[in-house]
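Heads up, the thing below is written out as structure tokens.
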Amino acid sequence: MLNSLLSGDLPRSRTLSILLLVVVLGLALAPFITSGARPLNTAATICIYIVLVASYDLLIGYTGIVSFAHTMFFGIGAYGVGLGFDSPTPAWGAMALGLVAALALTLVMALIIGLFALRVRAIFYAMITLAVASSFAVLASQMSGWTGGEDGKTFDVPDLLSPANEFGEFMGRIVDGKVLTYYIVFVCAVLIFLALLRVVNSPFGRVLQAIRENEFRAEALGYRTVVYRIAANCIGAVAAALAGALMALWLRYVGPRTTLGFEVMTDILLIVVIGGMGTLYGSVIGAALFILANNYLKSLMAQAAGAVAGVPLLEAALHPDRWLLWLGILFILAIYFFPSGIVGKFRQKAARQGT
């Protein structure tokens, strides 16, 4: 059953299996093994970024497409939910209509970008997608009547998801609308991830990998590589839009910085490299490590600086304001020790031990 659920793509490494199990169980039980808003927000962000990074890995890791337009699709999904709920009495029907409209726009944009740009090779395509994404971000900022401009837009959600709506107590925690929202995000993230796993392990996914390895040879075998690349672009874009919808639902806010900013794109790239390109499990490990470091490295450094107070150089080096420096150092170390990503390293090690 597990083999079927994972589309035959098992971790193939005991260490990797343990890490994945820890991450999944941690996310599944996050509301009950943590307390406070910050840990739950961190867990929800990890769930969303797993989907977002997996959808991008479908392009760069499995198809060999380098695109900088992924945040645009992420933002479209987020704004679809935000605008759907943007009314004095938010309703599920309006949100569903907004989400459907966002997914339709996502498909149209992905198809147009694919038709006009996927025939362009390598860096030229990347630059085209960067230009389109930048233009869309500027457009979203200027349409302040709809999008709230640079400040973004805060919206309400139905009473069912309100923190004031309490369902009872479980394992010592009050189960309210916020906890229900978290599990909506978690379940949807799991389903989307499993769907992407099915895609990359299908015959369609094998063709994508053939295109990545040698597009000319795949074309010589009779595959219409442009069609496959466009299809992969559309699938990845829809998954990114759904991740954006989950982000908006969780934050109850949409804005350029949280979805359309280039910082989001750099985070995606970093997570893909850390986890390992060409393996969706890399998005799980990479997103968990990166989001945890982003949220807790600064506070851990503050505690470390306090512990070594009085040691001039060490105290200065561990000052919380230098957390980005240490995050960069950790990233460099990860690339040095795991050049094929964490998942790739564990799988290679397991393969050598197996032989």
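Chains: A, B, ... in order of the structure tokens. Residues: from 1 per chain. Ligands: from 1, in order shown.
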Every residue of range 14-247 of chain A that DSSP places in strand (DSSP E or B), as a ChimeraX atom specification: /A:153-154,166-170,173-176
Export of prior selection with C-alpha atoms as a compact mmCIF listing (two decimals), in the first residue's frame:
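So the final result, stored in part25.txt, reads:
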# COMPACT_ATOMS: atom_id res chain seq x y z
CA LYS A 153 -4.74 43.08 1.45
CA THR A 154 -5.97 41.56 4.69
CA GLU A 166 -13.71 26.29 19.37
CA PHE A 167 -14.58 22.64 18.81
CA GLY A 168 -13.31 21.24 22.09
CA GLU A 169 -10.09 20.08 23.70
CA PHE A 170 -7.77 17.32 22.45
CA ARG A 173 -4.95 21.84 23.33
CA ILE A 174 -8.08 23.74 22.38
CA VAL A 175 -9.03 22.76 18.84
CA ASP A 176 -10.26 25.95 17.17
Residue neighbourhood Arg347 in chain A, 10 Å, only C-alpha atoms, exclusion window fewer than 6 positions, as a ChimeraX atom specification: /A:11-16,340-341,353
Selected residues written out with C-alpha atoms, as a PDB file, in the first residue's frame:
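Here's the written file result.pdb:
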ATOM      1  CA  PRO A  11      13.125   6.723  -0.244  1.00  0.00           C
ATOM      2  CA  ARG A  12      15.628   3.866  -0.841  1.00  0.00           C
ATOM      3  CA  SER A  13      17.663   4.892   2.216  1.00  0.00           C
ATOM      4  CA  ARG A  14      17.074   4.041   5.854  1.00  0.00           C
ATOM      5  CA  THR A  15      18.428   7.382   7.064  1.00  0.00           C
ATOM      6  CA  LEU A  16      16.305   9.281   4.542  1.00  0.00           C
ATOM      7  CA  SER A 340      23.877  16.411  -5.024  1.00  0.00           C
ATOM      8  CA  GLY A 341      21.602  17.542  -2.206  1.00  0.00           C
ATOM      9  CA  GLN A 353      26.110  -0.064   0.350  1.00  0.00           C
TER      10      GLN A 353
END
Atom pair CA of Trp146 in chain A / CA of Tyr79 in chain A: separation (Å): 9.4 Å
Each range 36-109 of chain A residue no farther than 7 Å from range 203-217 of chain A, nearest pair in Å, only C-alpha atoms, as JSON lines:
{"residue": "A:Tyr62", "atom": "CA", "partner": "A:Gln209", "partner_atom": "CA", "distance": 5.1}
{"residue": "A:Thr63", "atom": "CA", "partner": "A:Arg212", "partner_atom": "CA", "distance": 4.7}
{"residue": "A:Gly64", "atom": "CA", "partner": "A:Arg212", "partner_atom": "CA", "distance": 4.8}
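For the residues A:Leu292, A:Ala239, A:Met95, A:Ile274, ranking by smallest atom-to-atom distance to Val190 in chain A using only C-alpha atoms places A:Ala239 first.
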Between CA of Tyr296 in chain A and CA of Pro39 in chain A - distance in Å to one decimal: 9.7 Å
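For Ala195 in chain A, the list of residues within 10 Å, based on only C-alpha atoms and with local chain neighbours fewer than 3 positions off taken out, reads Leu5, Leu6, Ser7, Ala189, Val190, Leu191, Ile192, Arg198, Val199, Val200 and Ala239 of chain A.
Neighbouring residues of Gly236 in chain A at 10 Å or closer, counting only C-alpha atoms and skipping chain neighbours under 6 positions away, are Val51, Leu52, Val53, Ala54, Ser55, Tyr56, Asp57, Leu58, Leu59, His70, Phe73, Leu107, Ala110, Leu196, Ile230 and Leu242 of chain A.
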Listing only residues of range 222-308 of chain A within 6 Å of range 320-328 of chain A, what is the closest atom pair and its distance in Å (to one decimal) for each, using only C-alpha atoms, sorted by chain and residue number ascending, as a Markdown table?
| residue | atom | partner | partner_atom | distance |
| --- | --- | --- | --- | --- |
| A:Lys298 | CA | A:Pro320 | CA | 5.1 |
| A:Met301 | CA | A:Pro320 | CA | 5.4 |
| A:Ala302 | CA | A:Pro320 | CA | 5.2 |
All alpha helix (DSSP H) positions in range 111-308 of chain A, as number ranges by chain: A: 111-117, 122-142, 144-147, 177-200, 203-213, 215-220, 225-251, 262-275, 281-307
Asn295 in chain A environment, 10 Å, only C-alpha atoms, sequence neighbours closer than 3 positions dropped, as a list of chain:residue names: A:Arg38, A:Pro39, A:Asn41, A:Thr42, A:Phe290, A:Ile291, A:Leu292, A:Lys298, A:Ser299, A:Leu300
Those same residues, written as a PDB file, in the first residue's frame with all heavy atoms?
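Just written: out33.pdb:
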ATOM      1  N   ARG A  38       3.883  30.857  16.891  1.00  0.00           N
ATOM      2  CA  ARG A  38       5.058  30.787  16.020  1.00  0.00           C
ATOM      3  C   ARG A  38       5.366  29.382  15.524  1.00  0.00           C
ATOM      4  O   ARG A  38       5.604  29.183  14.321  1.00  0.00           O
ATOM      5  CB  ARG A  38       6.262  31.385  16.738  1.00  0.00           C
ATOM      6  CG  ARG A  38       7.492  31.511  15.847  1.00  0.00           C
ATOM      7  CD  ARG A  38       8.659  32.131  16.590  1.00  0.00           C
ATOM      8  NE  ARG A  38       9.804  32.319  15.721  1.00  0.00           N
ATOM      9  CZ  ARG A  38      10.974  32.750  16.142  1.00  0.00           C
ATOM     10  NH1 ARG A  38      11.154  33.062  17.418  1.00  0.00           N
ATOM     11  NH2 ARG A  38      11.970  32.888  15.296  1.00  0.00           N
ATOM     12  N   PRO A  39       5.391  28.356  16.399  1.00  0.00           N
ATOM     13  CA  PRO A  39       5.669  27.007  15.891  1.00  0.00           C
ATOM     14  C   PRO A  39       4.625  26.527  14.881  1.00  0.00           C
ATOM     15  O   PRO A  39       4.977  25.883  13.889  1.00  0.00           O
ATOM     16  CB  PRO A  39       5.648  26.148  17.162  1.00  0.00           C
ATOM     17  CG  PRO A  39       5.935  27.091  18.279  1.00  0.00           C
ATOM     18  CD  PRO A  39       5.285  28.371  17.871  1.00  0.00           C
ATOM     19  N   ASN A  41       2.802  28.424  12.909  1.00  0.00           N
ATOM     20  CA  ASN A  41       3.024  29.166  11.674  1.00  0.00           C
ATOM     21  C   ASN A  41       4.222  28.604  10.904  1.00  0.00           C
ATOM     22  O   ASN A  41       4.189  28.513   9.660  1.00  0.00           O
ATOM     23  CB  ASN A  41       3.262  30.644  11.992  1.00  0.00           C
ATOM     24  CG  ASN A  41       3.453  31.487  10.751  1.00  0.00           C
ATOM     25  OD1 ASN A  41       2.541  31.658   9.953  1.00  0.00           O
ATOM     26  ND2 ASN A  41       4.655  32.009  10.577  1.00  0.00           N
ATOM     27  N   THR A  42       5.258  28.211  11.635  1.00  0.00           N
ATOM     28  CA  THR A  42       6.422  27.600  10.995  1.00  0.00           C
ATOM     29  C   THR A  42       6.048  26.291  10.316  1.00  0.00           C
ATOM     30  O   THR A  42       6.454  26.031   9.170  1.00  0.00           O
ATOM     31  CB  THR A  42       7.530  27.342  12.034  1.00  0.00           C
ATOM     32  OG1 THR A  42       7.904  28.584  12.649  1.00  0.00           O
ATOM     33  CG2 THR A  42       8.746  26.712  11.389  1.00  0.00           C
ATOM     34  N   PHE A 290      15.299  24.613   5.889  1.00  0.00           N
ATOM     35  CA  PHE A 290      15.439  26.035   5.561  1.00  0.00           C
ATOM     36  C   PHE A 290      14.467  26.895   6.356  1.00  0.00           C
ATOM     37  O   PHE A 290      14.850  27.941   6.901  1.00  0.00           O
ATOM     38  CB  PHE A 290      15.211  26.236   4.055  1.00  0.00           C
ATOM     39  CG  PHE A 290      15.476  27.640   3.588  1.00  0.00           C
ATOM     40  CD1 PHE A 290      16.765  28.058   3.316  1.00  0.00           C
ATOM     41  CD2 PHE A 290      14.442  28.546   3.429  1.00  0.00           C
ATOM     42  CE1 PHE A 290      17.022  29.351   2.898  1.00  0.00           C
ATOM     43  CE2 PHE A 290      14.683  29.838   3.010  1.00  0.00           C
ATOM     44  CZ  PHE A 290      15.977  30.247   2.741  1.00  0.00           C
ATOM     45  N   ILE A 291      13.213  26.487   6.440  1.00  0.00           N
ATOM     46  CA  ILE A 291      12.216  27.279   7.175  1.00  0.00           C
ATOM     47  C   ILE A 291      12.522  27.288   8.665  1.00  0.00           C
ATOM     48  O   ILE A 291      12.380  28.315   9.341  1.00  0.00           O
ATOM     49  CB  ILE A 291      10.794  26.748   6.915  1.00  0.00           C
ATOM     50  CG1 ILE A 291      10.468  26.796   5.413  1.00  0.00           C
ATOM     51  CG2 ILE A 291       9.772  27.560   7.680  1.00  0.00           C
ATOM     52  CD1 ILE A 291      10.538  28.171   4.803  1.00  0.00           C
ATOM     53  N   LEU A 292      12.958  26.156   9.206  1.00  0.00           N
ATOM     54  CA  LEU A 292      13.333  26.115  10.616  1.00  0.00           C
ATOM     55  C   LEU A 292      14.520  27.045  10.889  1.00  0.00           C
ATOM     56  O   LEU A 292      14.531  27.771  11.894  1.00  0.00           O
ATOM     57  CB  LEU A 292      13.683  24.682  11.026  1.00  0.00           C
ATOM     58  CG  LEU A 292      12.503  23.726  11.225  1.00  0.00           C
ATOM     59  CD1 LEU A 292      13.001  22.306  11.440  1.00  0.00           C
ATOM     60  CD2 LEU A 292      11.630  24.166  12.395  1.00  0.00           C
ATOM     61  N   LYS A 298      18.096  32.812  14.448  1.00  0.00           N
ATOM     62  CA  LYS A 298      18.387  34.083  15.126  1.00  0.00           C
ATOM     63  C   LYS A 298      18.225  33.961  16.638  1.00  0.00           C
ATOM     64  O   LYS A 298      19.068  34.422  17.407  1.00  0.00           O
ATOM     65  CB  LYS A 298      17.473  35.180  14.582  1.00  0.00           C
ATOM     66  CG  LYS A 298      17.820  36.572  15.091  1.00  0.00           C
ATOM     67  CD  LYS A 298      16.975  37.629  14.406  1.00  0.00           C
ATOM     68  CE  LYS A 298      17.356  39.027  14.877  1.00  0.00           C
ATOM     69  NZ  LYS A 298      16.564  40.080  14.188  1.00  0.00           N
ATOM     70  N   SER A 299      17.144  33.301  17.086  1.00  0.00           N
ATOM     71  CA  SER A 299      16.931  33.151  18.520  1.00  0.00           C
ATOM     72  C   SER A 299      17.956  32.196  19.134  1.00  0.00           C
ATOM     73  O   SER A 299      18.410  32.399  20.271  1.00  0.00           O
ATOM     74  CB  SER A 299      15.508  32.647  18.787  1.00  0.00           C
ATOM     75  OG  SER A 299      15.264  31.427  18.114  1.00  0.00           O
ATOM     76  N   LEU A 300      18.348  31.154  18.392  1.00  0.00           N
ATOM     77  CA  LEU A 300      19.379  30.242  18.894  1.00  0.00           C
ATOM     78  C   LEU A 300      20.717  30.956  19.037  1.00  0.00           C
ATOM     79  O   LEU A 300      21.461  30.728  19.999  1.00  0.00           O
ATOM     80  CB  LEU A 300      19.523  29.048  17.953  1.00  0.00           C
ATOM     81  CG  LEU A 300      18.384  28.021  17.963  1.00  0.00           C
ATOM     82  CD1 LEU A 300      18.607  26.970  16.891  1.00  0.00           C
ATOM     83  CD2 LEU A 300      18.263  27.372  19.337  1.00  0.00           C
TER      84      LEU A 300
END
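In this comparison, which uses only C-alpha atoms, the residue of A:Leu318, A:Leu20, A:Leu111, A:Ile50 approaching Arg229 in chain A most closely is A:Leu111.
Residues within 12 Å of Val157 in chain A, counting only C-alpha atoms and excluding same-chain residues fewer than 6 positions away, are Val81, Gly82, Leu83, Gly84, Phe85, Asp86, Ser87, Pro88, Thr89, Pro90, Ala91, Trp92, Gly93, Ala94, Met95, Pro163, Ala164, Asn165, Gly177, Lys178, Thr181, Ala248, Leu249, Trp250, Leu251, Arg252 and Tyr253 of chain A.
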